[in-house]
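Here the structure is laid out as structure tokens; the discussion comes afterwards.
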Amino acid sequence: MATPSSWHLYLLSAAIAPTCLLVTAPEDSVEFFLLQGFIWGVVTFFFYHARRVSWISNGLPDGPLAVQPWQDAAPCWCYEAAFWTQILTYVPSLLRMLFFTCRSREAFITSSTLFLSEHTESVWFERMLFAQLFGYMMRDMFMQGFSADPLLAMHHLLVIVLTLALGFYDIPGGRMCATLGCVIELGTAGYCHFIVWRIPSLYRYLMNISNVVWVVGVTCIVYLAKERSKVLWGCCAITVALVVGRTDMMRVEIRKEAKRIKRGDDLAHAHEVRTAQYPSTQCSFSRRRLKRTLAQISSLSPAHAARPLPMASAARPLREAWRRLRPASTRRSATGRCATRRCASSQCPCRRRCWLPPLPTRTPDSRPGGDTPNQPYKSEFGQTRFDTIWCFGSAQQLCTAAQSA
């Protein structure tokens, strides 16, 4: 959801990316590694900033309303930008690397045994991938500063050590390691996708497949290696630590999301039970739920508070459709009583199956509370009703209504 205010950032990011081809330093030099890391870090920095501007311009500075309040280590736009960065970068890179490593049995064995310095053809792309991942890790640490999650900082530190070892030491299977790096980052893309959109199935598939491919690839490298140096064993230890950490993080995140969903389902079930048993308390329960929602959006920016709520456009047609589809025996008049007039008081015998808030008559210039929109009013039975639940105003008007209650 790019906005006009962020197009210049996308163009700037796209203009800087081709400068990686202009680096004339030797492929195995420190200058090449640092320049490539710096270029790709700057490219993604502007892309991240563009995604941040887009989220704020669309009135969602703290992420989707369905996952509020936001409690993760980094902002929502950071995870979303990381997902798109990894997809746009490593999917084409993986296709290119698979062509060179898995096109034949001889190519697979050669990619798993030779050092990068022993290849006869150019290995510019493989060394660029290591430097690129190093730049991504440094960009994250620069943007998060000293407020980063310690576990995330440890992950980044281990990846930095791994990229430095692969970039400057002769490790067997250098080309296969570059291929595995693309697969690993696709698993990380599944994690970022889950944090934003909360789809556990995709997270499980991408993370488990990337971890399995990573372990199998490293096992092949160690098995086929002619010499197993201490650097190789150190990289294997880092691989095991990262695989265990990623798997445990997946388990913890999915369990945390399941608890969050279950808590919401329990609240909804408690609301239904309480409404069926004690219809007179439905209004106060709805008011408490409204105040909880307002507390979650009270910290939003003024620009976000002035925007209409996303659910407002869908609330009225859904409510009107439900009113038309209800059987005639359960319809209610605007006063809240049964339309069949079988009962003349609030002690309606059919309240257990058809009691819902009254359906006030709506016109563009009149509301149940009078001329002032979103004003609480008294129903026929003395219960305080809130037209705010179905209002078409903004979050700022919701806060005003709650304060006046």
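Please note that chains go A, B, ... in the order of the structure tokens, that every chain numbers its residues from 1, and that ligands are numbered from 1 in the order shown.
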**Asked** Residues of range 98-176 of chain A in helix (DSSP H, G or I) according to DSSP, as a ChimeraX atom specification?
**Response** /A:98-101,105-113,116-118,124-147,150-168,174-176
Skipping near chain neighbours, those fewer than 5 positions away, what residues fall within 10 Å of Gly245 in chain A using only C-alpha atoms, listed as a compact mmCIF listing (two decimals) with all heavy atoms, in the first residue's frame?
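Saved the output as selection-v9.txt:
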# COMPACT_ATOMS: atom_id res chain seq x y z
N LEU A 151 17.60 -11.35 22.61
CA LEU A 151 17.63 -12.58 21.81
C LEU A 151 17.82 -12.26 20.34
O LEU A 151 18.59 -12.93 19.64
CB LEU A 151 16.33 -13.36 22.03
CG LEU A 151 16.25 -14.74 21.40
CD1 LEU A 151 17.35 -15.64 21.97
CD2 LEU A 151 14.89 -15.36 21.62
N HIS A 155 21.02 -13.23 17.88
CA HIS A 155 20.85 -13.84 16.55
C HIS A 155 21.63 -13.07 15.50
O HIS A 155 22.35 -13.65 14.67
CB HIS A 155 19.36 -13.89 16.21
CG HIS A 155 19.08 -14.19 14.76
ND1 HIS A 155 18.97 -13.19 13.80
CD2 HIS A 155 18.91 -15.36 14.11
CE1 HIS A 155 18.74 -13.75 12.63
NE2 HIS A 155 18.69 -15.06 12.78
N THR A 239 25.53 -22.98 13.29
CA THR A 239 24.36 -23.49 12.58
C THR A 239 23.41 -24.22 13.52
O THR A 239 22.19 -23.99 13.50
CB THR A 239 24.81 -24.43 11.44
OG1 THR A 239 25.59 -23.69 10.51
CG2 THR A 239 23.61 -25.04 10.75
N VAL A 240 23.96 -25.10 14.36
CA VAL A 240 23.11 -25.84 15.30
C VAL A 240 22.42 -24.89 16.27
O VAL A 240 21.22 -25.03 16.55
CB VAL A 240 23.96 -26.88 16.06
CG1 VAL A 240 23.13 -27.54 17.17
CG2 VAL A 240 24.48 -27.94 15.10
N MET A 250 9.86 -20.33 16.95
CA MET A 250 8.62 -20.64 16.25
C MET A 250 7.60 -21.25 17.21
O MET A 250 6.41 -20.88 17.18
CB MET A 250 8.91 -21.60 15.10
CG MET A 250 7.68 -22.06 14.33
SD MET A 250 8.08 -23.24 13.02
CE MET A 250 8.73 -24.61 14.00
N ARG A 251 8.02 -22.16 18.04
CA ARG A 251 7.10 -22.77 18.99
C ARG A 251 6.55 -21.74 19.96
O ARG A 251 5.34 -21.71 20.25
CB ARG A 251 7.83 -23.89 19.76
CG ARG A 251 6.99 -24.60 20.79
CD ARG A 251 7.84 -25.60 21.55
NE ARG A 251 8.94 -24.94 22.25
CZ ARG A 251 8.81 -24.37 23.44
NH1 ARG A 251 7.64 -24.36 24.06
NH2 ARG A 251 9.85 -23.80 24.01
Excluding range 31-40 of chain A and residues on its chain fewer than 4 positions from it, collect all residues at most 12 Å away from it, counting only C-alpha atoms, and give them as a PDB file with N, CA and C atoms, in the first residue's frame.
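File produced: around_21.pdb:
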ATOM      1  N   SER A  13      15.735   4.115  -3.341  1.00  0.00           N
ATOM      2  CA  SER A  13      16.238   2.775  -3.038  1.00  0.00           C
ATOM      3  C   SER A  13      16.569   2.014  -4.320  1.00  0.00           C
ATOM      4  N   ALA A  14      15.690   2.111  -5.318  1.00  0.00           N
ATOM      5  CA  ALA A  14      15.947   1.419  -6.586  1.00  0.00           C
ATOM      6  C   ALA A  14      17.126   2.023  -7.336  1.00  0.00           C
ATOM      7  N   ALA A  15      17.377   3.320  -7.159  1.00  0.00           N
ATOM      8  CA  ALA A  15      18.499   3.955  -7.855  1.00  0.00           C
ATOM      9  C   ALA A  15      19.840   3.590  -7.230  1.00  0.00           C
ATOM     10  N   ILE A  16      19.864   3.332  -5.930  1.00  0.00           N
ATOM     11  CA  ILE A  16      21.130   3.006  -5.258  1.00  0.00           C
ATOM     12  C   ILE A  16      21.522   1.551  -5.484  1.00  0.00           C
ATOM     13  N   ALA A  17      20.532   0.648  -5.661  1.00  0.00           N
ATOM     14  CA  ALA A  17      20.827  -0.783  -5.760  1.00  0.00           C
ATOM     15  C   ALA A  17      21.811  -1.124  -6.888  1.00  0.00           C
ATOM     16  N   PRO A  18      21.685  -0.575  -8.097  1.00  0.00           N
ATOM     17  CA  PRO A  18      22.644  -0.961  -9.158  1.00  0.00           C
ATOM     18  C   PRO A  18      24.074  -0.532  -8.902  1.00  0.00           C
ATOM     19  N   THR A  19      24.323   0.331  -7.922  1.00  0.00           N
ATOM     20  CA  THR A  19      25.706   0.759  -7.669  1.00  0.00           C
ATOM     21  C   THR A  19      26.577  -0.380  -7.143  1.00  0.00           C
ATOM     22  N   CYS A  20      25.940  -1.496  -6.732  1.00  0.00           N
ATOM     23  CA  CYS A  20      26.753  -2.638  -6.299  1.00  0.00           C
ATOM     24  C   CYS A  20      27.589  -3.196  -7.443  1.00  0.00           C
ATOM     25  N   LEU A  21      27.156  -2.957  -8.682  1.00  0.00           N
ATOM     26  CA  LEU A  21      27.918  -3.430  -9.840  1.00  0.00           C
ATOM     27  C   LEU A  21      29.134  -2.565 -10.130  1.00  0.00           C
ATOM     28  N   LEU A  22      29.175  -1.386  -9.516  1.00  0.00           N
ATOM     29  CA  LEU A  22      30.276  -0.456  -9.775  1.00  0.00           C
ATOM     30  C   LEU A  22      31.457  -0.638  -8.832  1.00  0.00           C
ATOM     31  N   VAL A  23      31.351  -1.566  -7.897  1.00  0.00           N
ATOM     32  CA  VAL A  23      32.454  -1.808  -6.955  1.00  0.00           C
ATOM     33  C   VAL A  23      33.571  -2.525  -7.706  1.00  0.00           C
ATOM     34  N   THR A  24      34.724  -1.887  -7.774  1.00  0.00           N
ATOM     35  CA  THR A  24      35.857  -2.424  -8.555  1.00  0.00           C
ATOM     36  C   THR A  24      36.904  -3.108  -7.694  1.00  0.00           C
ATOM     37  N   ALA A  25      36.682  -3.199  -6.396  1.00  0.00           N
ATOM     38  CA  ALA A  25      37.660  -3.847  -5.522  1.00  0.00           C
ATOM     39  C   ALA A  25      37.677  -5.345  -5.792  1.00  0.00           C
ATOM     40  N   PRO A  26      38.780  -6.023  -5.504  1.00  0.00           N
ATOM     41  CA  PRO A  26      38.832  -7.484  -5.678  1.00  0.00           C
ATOM     42  C   PRO A  26      37.748  -8.191  -4.862  1.00  0.00           C
ATOM     43  N   GLU A  27      37.265  -9.307  -5.390  1.00  0.00           N
ATOM     44  CA  GLU A  27      36.137  -9.996  -4.770  1.00  0.00           C
ATOM     45  C   GLU A  27      36.442 -10.504  -3.371  1.00  0.00           C
ATOM     46  N   THR A  44      18.158  -0.911   1.625  1.00  0.00           N
ATOM     47  CA  THR A  44      17.032  -1.385   2.442  1.00  0.00           C
ATOM     48  C   THR A  44      16.642  -0.384   3.526  1.00  0.00           C
ATOM     49  N   PHE A  45      17.565   0.479   3.934  1.00  0.00           N
ATOM     50  CA  PHE A  45      17.210   1.504   4.908  1.00  0.00           C
ATOM     51  C   PHE A  45      16.145   2.441   4.337  1.00  0.00           C
ATOM     52  N   PHE A  46      16.336   2.885   3.116  1.00  0.00           N
ATOM     53  CA  PHE A  46      15.337   3.755   2.495  1.00  0.00           C
ATOM     54  C   PHE A  46      14.044   2.990   2.199  1.00  0.00           C
ATOM     55  N   PHE A  47      14.157   1.711   1.856  1.00  0.00           N
ATOM     56  CA  PHE A  47      12.951   0.914   1.636  1.00  0.00           C
ATOM     57  C   PHE A  47      12.168   0.753   2.939  1.00  0.00           C
ATOM     58  N   THR A  85      11.702  -7.416   1.717  1.00  0.00           N
ATOM     59  CA  THR A  85      13.119  -7.389   1.343  1.00  0.00           C
ATOM     60  C   THR A  85      13.646  -8.787   1.099  1.00  0.00           C
ATOM     61  N   THR A  89      14.688 -10.210  -2.590  1.00  0.00           N
ATOM     62  CA  THR A  89      16.129 -10.415  -2.732  1.00  0.00           C
ATOM     63  C   THR A  89      16.492 -11.879  -2.912  1.00  0.00           C
ATOM     64  N   TRP A 124      31.712 -13.796  -7.908  1.00  0.00           N
ATOM     65  CA  TRP A 124      31.322 -12.465  -7.455  1.00  0.00           C
ATOM     66  C   TRP A 124      29.957 -12.492  -6.784  1.00  0.00           C
ATOM     67  N   PHE A 125      29.014 -13.212  -7.348  1.00  0.00           N
ATOM     68  CA  PHE A 125      27.654 -13.233  -6.803  1.00  0.00           C
ATOM     69  C   PHE A 125      27.626 -13.891  -5.429  1.00  0.00           C
ATOM     70  N   GLU A 126      28.361 -14.960  -5.229  1.00  0.00           N
ATOM     71  CA  GLU A 126      28.380 -15.644  -3.931  1.00  0.00           C
ATOM     72  C   GLU A 126      28.967 -14.740  -2.849  1.00  0.00           C
ATOM     73  N   ARG A 127      30.066 -14.076  -3.151  1.00  0.00           N
ATOM     74  CA  ARG A 127      30.655 -13.179  -2.160  1.00  0.00           C
ATOM     75  C   ARG A 127      29.765 -11.961  -1.907  1.00  0.00           C
ATOM     76  N   MET A 128      29.056 -11.526  -2.940  1.00  0.00           N
ATOM     77  CA  MET A 128      28.120 -10.420  -2.755  1.00  0.00           C
ATOM     78  C   MET A 128      26.974 -10.820  -1.818  1.00  0.00           C
ATOM     79  N   LEU A 129      26.510 -12.071  -1.899  1.00  0.00           N
ATOM     80  CA  LEU A 129      25.442 -12.534  -1.007  1.00  0.00           C
ATOM     81  C   LEU A 129      25.879 -12.503   0.455  1.00  0.00           C
ATOM     82  N   PHE A 130      27.116 -12.923   0.729  1.00  0.00           N
ATOM     83  CA  PHE A 130      27.618 -12.877   2.107  1.00  0.00           C
ATOM     84  C   PHE A 130      27.710 -11.435   2.605  1.00  0.00           C
ATOM     85  N   ALA A 131      28.235 -10.549   1.775  1.00  0.00           N
ATOM     86  CA  ALA A 131      28.340  -9.143   2.171  1.00  0.00           C
ATOM     87  C   ALA A 131      26.953  -8.509   2.306  1.00  0.00           C
ATOM     88  N   GLN A 132      26.022  -8.896   1.461  1.00  0.00           N
ATOM     89  CA  GLN A 132      24.665  -8.368   1.530  1.00  0.00           C
ATOM     90  C   GLN A 132      23.991  -8.738   2.845  1.00  0.00           C
ATOM     91  N   LEU A 133      24.110  -9.994   3.246  1.00  0.00           N
ATOM     92  CA  LEU A 133      23.526 -10.414   4.519  1.00  0.00           C
ATOM     93  C   LEU A 133      24.188  -9.700   5.689  1.00  0.00           C
ATOM     94  N   PHE A 134      25.493  -9.484   5.592  1.00  0.00           N
ATOM     95  CA  PHE A 134      26.191  -8.713   6.622  1.00  0.00           C
ATOM     96  C   PHE A 134      25.636  -7.290   6.698  1.00  0.00           C
ATOM     97  N   GLY A 135      25.397  -6.671   5.551  1.00  0.00           N
ATOM     98  CA  GLY A 135      24.815  -5.323   5.540  1.00  0.00           C
ATOM     99  C   GLY A 135      23.420  -5.289   6.127  1.00  0.00           C
ATOM    100  N   TYR A 136      22.611  -6.320   5.874  1.00  0.00           N
ATOM    101  CA  TYR A 136      21.270  -6.369   6.444  1.00  0.00           C
ATOM    102  C   TYR A 136      21.316  -6.453   7.967  1.00  0.00           C
ATOM    103  N   MET A 137      22.229  -7.260   8.478  1.00  0.00           N
ATOM    104  CA  MET A 137      22.336  -7.375   9.935  1.00  0.00           C
ATOM    105  C   MET A 137      22.802  -6.055  10.564  1.00  0.00           C
ATOM    106  N   MET A 138      23.753  -5.400   9.952  1.00  0.00           N
ATOM    107  CA  MET A 138      24.229  -4.124  10.477  1.00  0.00           C
ATOM    108  C   MET A 138      23.142  -3.053  10.384  1.00  0.00           C
ATOM    109  N   ARG A 139      22.347  -3.085   9.325  1.00  0.00           N
ATOM    110  CA  ARG A 139      21.230  -2.136   9.212  1.00  0.00           C
ATOM    111  C   ARG A 139      20.227  -2.326  10.345  1.00  0.00           C
ATOM    112  N   ASP A 140      19.884  -3.570  10.662  1.00  0.00           N
ATOM    113  CA  ASP A 140      18.949  -3.823  11.765  1.00  0.00           C
ATOM    114  C   ASP A 140      19.501  -3.315  13.087  1.00  0.00           C
ATOM    115  N   PHE A 142      21.669  -0.952  13.507  1.00  0.00           N
ATOM    116  CA  PHE A 142      21.719   0.505  13.467  1.00  0.00           C
ATOM    117  C   PHE A 142      20.331   1.111  13.701  1.00  0.00           C
ATOM    118  N   ILE A 160      26.348 -12.361  11.856  1.00  0.00           N
ATOM    119  CA  ILE A 160      27.486 -11.535  11.436  1.00  0.00           C
ATOM    120  C   ILE A 160      28.786 -12.334  11.492  1.00  0.00           C
ATOM    121  N   THR A 163      28.799 -14.747   8.523  1.00  0.00           N
ATOM    122  CA  THR A 163      29.099 -14.115   7.232  1.00  0.00           C
ATOM    123  C   THR A 163      30.576 -13.706   7.122  1.00  0.00           C
ATOM    124  N   LEU A 164      31.151 -13.256   8.217  1.00  0.00           N
ATOM    125  CA  LEU A 164      32.578 -12.907   8.185  1.00  0.00           C
ATOM    126  C   LEU A 164      33.439 -14.141   7.947  1.00  0.00           C
ATOM    127  N   ALA A 165      33.079 -15.261   8.579  1.00  0.00           N
ATOM    128  CA  ALA A 165      33.843 -16.494   8.376  1.00  0.00           C
ATOM    129  C   ALA A 165      33.733 -16.979   6.938  1.00  0.00           C
ATOM    130  N   LEU A 166      32.530 -16.911   6.372  1.00  0.00           N
ATOM    131  CA  LEU A 166      32.343 -17.366   4.995  1.00  0.00           C
ATOM    132  C   LEU A 166      32.975 -16.414   3.990  1.00  0.00           C
ATOM    133  N   GLY A 167      33.094 -15.152   4.343  1.00  0.00           N
ATOM    134  CA  GLY A 167      33.631 -14.177   3.411  1.00  0.00           C
ATOM    135  C   GLY A 167      35.147 -14.108   3.388  1.00  0.00           C
ATOM    136  N   PHE A 168      35.814 -14.467   4.490  1.00  0.00           N
ATOM    137  CA  PHE A 168      37.259 -14.236   4.572  1.00  0.00           C
ATOM    138  C   PHE A 168      38.065 -15.490   4.880  1.00  0.00           C
TER     139      PHE A 168
END
Just want the 8 Å neighbourhood of Tyr203 in chain A, counted on only C-alpha atoms, with same-chain residues fewer than 2 positions away dropped. Output as a list in words.
Gly187, Gly190, Tyr191, His193, Phe194, Ile199, Pro200, Ser201, Tyr205, Leu206, Met207 and Met250 of chain A
Go ahead and write the selection's residues with all heavy atoms as a tab-separated table (two decimals), in the first residue's frame.
chain	number	residue	atom	x	y	z
A	187	GLY	N	13.12	-18.75	5.33
A	187	GLY	CA	12.51	-19.12	6.61
A	187	GLY	C	12.32	-17.92	7.51
A	187	GLY	O	11.29	-17.80	8.20
A	190	GLY	N	9.26	-16.12	6.55
A	190	GLY	CA	8.05	-16.69	7.14
A	190	GLY	C	7.81	-16.19	8.55
A	190	GLY	O	6.66	-15.95	8.94
A	191	TYR	N	8.88	-16.00	9.32
A	191	TYR	CA	8.73	-15.43	10.67
A	191	TYR	C	8.20	-14.00	10.60
A	191	TYR	O	7.27	-13.64	11.35
A	191	TYR	CB	10.08	-15.48	11.38
A	191	TYR	CG	10.16	-14.62	12.62
A	191	TYR	CD1	9.51	-15.00	13.79
A	191	TYR	CD2	10.87	-13.43	12.62
A	191	TYR	CE1	9.57	-14.22	14.93
A	191	TYR	CE2	10.95	-12.64	13.74
A	191	TYR	CZ	10.30	-13.04	14.90
A	191	TYR	OH	10.36	-12.25	16.02
A	193	HIS	N	6.51	-12.62	8.21
A	193	HIS	CA	5.13	-12.66	7.72
A	193	HIS	C	4.17	-13.02	8.85
A	193	HIS	O	3.07	-12.45	8.97
A	193	HIS	CB	5.03	-13.68	6.58
A	193	HIS	CG	3.68	-13.75	5.95
A	193	HIS	ND1	2.65	-14.50	6.48
A	193	HIS	CD2	3.17	-13.16	4.84
A	193	HIS	CE1	1.57	-14.38	5.71
A	193	HIS	NE2	1.86	-13.57	4.72
A	194	PHE	N	4.56	-13.95	9.70
A	194	PHE	CA	3.69	-14.35	10.81
A	194	PHE	C	3.51	-13.22	11.82
A	194	PHE	O	2.41	-13.02	12.33
A	194	PHE	CB	4.29	-15.58	11.51
A	194	PHE	CG	3.58	-15.94	12.78
A	194	PHE	CD1	2.37	-16.61	12.75
A	194	PHE	CD2	4.13	-15.61	14.02
A	194	PHE	CE1	1.71	-16.94	13.92
A	194	PHE	CE2	3.49	-15.94	15.19
A	194	PHE	CZ	2.27	-16.61	15.14
A	199	ILE	N	-0.31	-15.79	10.33
A	199	ILE	CA	-0.70	-17.02	9.65
A	199	ILE	C	0.29	-18.12	10.06
A	199	ILE	O	1.39	-18.21	9.49
A	199	ILE	CB	-0.71	-16.83	8.12
A	199	ILE	CG1	-1.65	-15.69	7.74
A	199	ILE	CG2	-1.14	-18.12	7.41
A	199	ILE	CD1	-1.68	-15.39	6.26
A	200	PRO	N	-0.04	-18.95	11.03
A	200	PRO	CA	0.95	-19.91	11.55
A	200	PRO	C	1.32	-21.01	10.56
A	200	PRO	O	2.43	-21.54	10.62
A	200	PRO	CB	0.26	-20.47	12.80
A	200	PRO	CG	-1.20	-20.26	12.57
A	200	PRO	CD	-1.32	-19.00	11.77
A	201	SER	N	0.41	-21.41	9.68
A	201	SER	CA	0.72	-22.52	8.77
A	201	SER	C	1.88	-22.17	7.83
A	201	SER	O	2.81	-22.97	7.66
A	201	SER	CB	-0.53	-22.88	7.96
A	201	SER	OG	-1.01	-21.75	7.23
A	205	TYR	N	5.65	-24.02	7.67
A	205	TYR	CA	6.20	-24.61	6.46
A	205	TYR	C	7.54	-23.99	6.09
A	205	TYR	O	8.53	-24.70	5.87
A	205	TYR	CB	5.21	-24.45	5.30
A	205	TYR	CG	3.95	-25.28	5.45
A	205	TYR	CD1	2.71	-24.80	5.03
A	205	TYR	CD2	3.98	-26.54	6.04
A	205	TYR	CE1	1.56	-25.55	5.18
A	205	TYR	CE2	2.84	-27.30	6.19
A	205	TYR	CZ	1.62	-26.80	5.77
A	205	TYR	OH	0.49	-27.53	5.92
A	206	LEU	N	7.60	-22.67	6.01
A	206	LEU	CA	8.83	-22.01	5.58
A	206	LEU	C	9.96	-22.23	6.57
A	206	LEU	O	11.09	-22.54	6.17
A	206	LEU	CB	8.57	-20.52	5.38
A	206	LEU	CG	7.70	-20.13	4.18
A	206	LEU	CD1	7.51	-18.63	4.13
A	206	LEU	CD2	8.32	-20.63	2.89
A	207	MET	N	9.67	-22.10	7.87
A	207	MET	CA	10.74	-22.23	8.86
A	207	MET	C	11.24	-23.67	8.96
A	207	MET	O	12.46	-23.92	9.00
A	207	MET	CB	10.24	-21.74	10.22
A	207	MET	CG	11.31	-21.72	11.29
A	207	MET	SD	12.72	-20.67	10.87
A	207	MET	CE	11.99	-19.05	11.03
A	250	MET	N	9.86	-20.33	16.95
A	250	MET	CA	8.62	-20.64	16.25
A	250	MET	C	7.60	-21.25	17.21
A	250	MET	O	6.41	-20.88	17.18
A	250	MET	CB	8.91	-21.60	15.10
A	250	MET	CG	7.68	-22.06	14.33
A	250	MET	SD	8.08	-23.24	13.02
A	250	MET	CE	8.73	-24.61	14.00
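The coordinates place CA of Pro61 in chain A at 8.0 Å from CA of Cys76 in chain A.
Take the candidates A:Arg204, A:Asp248, A:Arg198, A:Ile109 and check each one against Tyr223 in chain A using only C-alpha atoms; the shortest distance goes to A:Ile109.
Between CA of Ala189 in chain A and CA of Tyr10 in chain A the interatomic distance comes to 20.2 Å.
Atom pair CA of Val159 in chain A / CA of Arg105 in chain A: separated by 29.3 Å.
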task: Write out as number ranges by chain each polymer residue whose atoms come within 10 Å of Val123 in chain A, counting only C-alpha atoms; drop sequence neighbours fewer than 4 positions from it.
output: A: 27-28, 116-119, 127-128, 174-175
Requested write-out: N, CA, C and O atoms of the selected residues, as a PDB file, in the first residue's frame:
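Contents of the output file again26.pdb:
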ATOM      1  N   GLU A  27      37.265  -9.307  -5.390  1.00  0.00           N
ATOM      2  CA  GLU A  27      36.137  -9.996  -4.770  1.00  0.00           C
ATOM      3  C   GLU A  27      36.442 -10.504  -3.371  1.00  0.00           C
ATOM      4  O   GLU A  27      35.545 -10.581  -2.526  1.00  0.00           O
ATOM      5  N   ASP A  28      37.669 -10.872  -3.115  1.00  0.00           N
ATOM      6  CA  ASP A  28      38.023 -11.444  -1.819  1.00  0.00           C
ATOM      7  C   ASP A  28      38.635 -10.412  -0.870  1.00  0.00           C
ATOM      8  O   ASP A  28      39.249 -10.781   0.135  1.00  0.00           O
ATOM      9  N   LEU A 116      35.782 -21.212  -2.317  1.00  0.00           N
ATOM     10  CA  LEU A 116      35.420 -20.193  -3.299  1.00  0.00           C
ATOM     11  C   LEU A 116      36.612 -19.789  -4.149  1.00  0.00           C
ATOM     12  O   LEU A 116      36.464 -19.460  -5.335  1.00  0.00           O
ATOM     13  N   SER A 117      37.803 -19.825  -3.569  1.00  0.00           N
ATOM     14  CA  SER A 117      39.004 -19.451  -4.320  1.00  0.00           C
ATOM     15  C   SER A 117      39.411 -20.508  -5.333  1.00  0.00           C
ATOM     16  O   SER A 117      40.256 -20.244  -6.199  1.00  0.00           O
ATOM     17  N   GLU A 118      38.862 -21.709  -5.263  1.00  0.00           N
ATOM     18  CA  GLU A 118      39.233 -22.786  -6.183  1.00  0.00           C
ATOM     19  C   GLU A 118      38.332 -22.863  -7.421  1.00  0.00           C
ATOM     20  O   GLU A 118      38.622 -23.634  -8.331  1.00  0.00           O
ATOM     21  N   HIS A 119      37.260 -22.101  -7.455  1.00  0.00           N
ATOM     22  CA  HIS A 119      36.379 -22.134  -8.615  1.00  0.00           C
ATOM     23  C   HIS A 119      37.033 -21.411  -9.789  1.00  0.00           C
ATOM     24  O   HIS A 119      37.635 -20.337  -9.627  1.00  0.00           O
ATOM     25  N   ARG A 127      30.066 -14.076  -3.151  1.00  0.00           N
ATOM     26  CA  ARG A 127      30.655 -13.179  -2.160  1.00  0.00           C
ATOM     27  C   ARG A 127      29.765 -11.961  -1.907  1.00  0.00           C
ATOM     28  O   ARG A 127      29.724 -11.431  -0.794  1.00  0.00           O
ATOM     29  N   MET A 128      29.056 -11.526  -2.940  1.00  0.00           N
ATOM     30  CA  MET A 128      28.120 -10.420  -2.755  1.00  0.00           C
ATOM     31  C   MET A 128      26.974 -10.820  -1.818  1.00  0.00           C
ATOM     32  O   MET A 128      26.511 -10.011  -1.005  1.00  0.00           O
ATOM     33  N   GLY A 174      31.793 -23.370  -0.307  1.00  0.00           N
ATOM     34  CA  GLY A 174      31.406 -21.966  -0.228  1.00  0.00           C
ATOM     35  C   GLY A 174      30.187 -21.642  -1.074  1.00  0.00           C
ATOM     36  O   GLY A 174      29.307 -20.886  -0.664  1.00  0.00           O
ATOM     37  N   ARG A 175      30.111 -22.216  -2.280  1.00  0.00           N
ATOM     38  CA  ARG A 175      28.945 -21.962  -3.141  1.00  0.00           C
ATOM     39  C   ARG A 175      27.687 -22.581  -2.561  1.00  0.00           C
ATOM     40  O   ARG A 175      26.602 -21.988  -2.631  1.00  0.00           O
TER      41      ARG A 175
END
Between A:Cys220, A:Leu152, A:Met141, A:Val243, smallest distance to Ile184 in chain A by only C-alpha atoms belongs to A:Val243
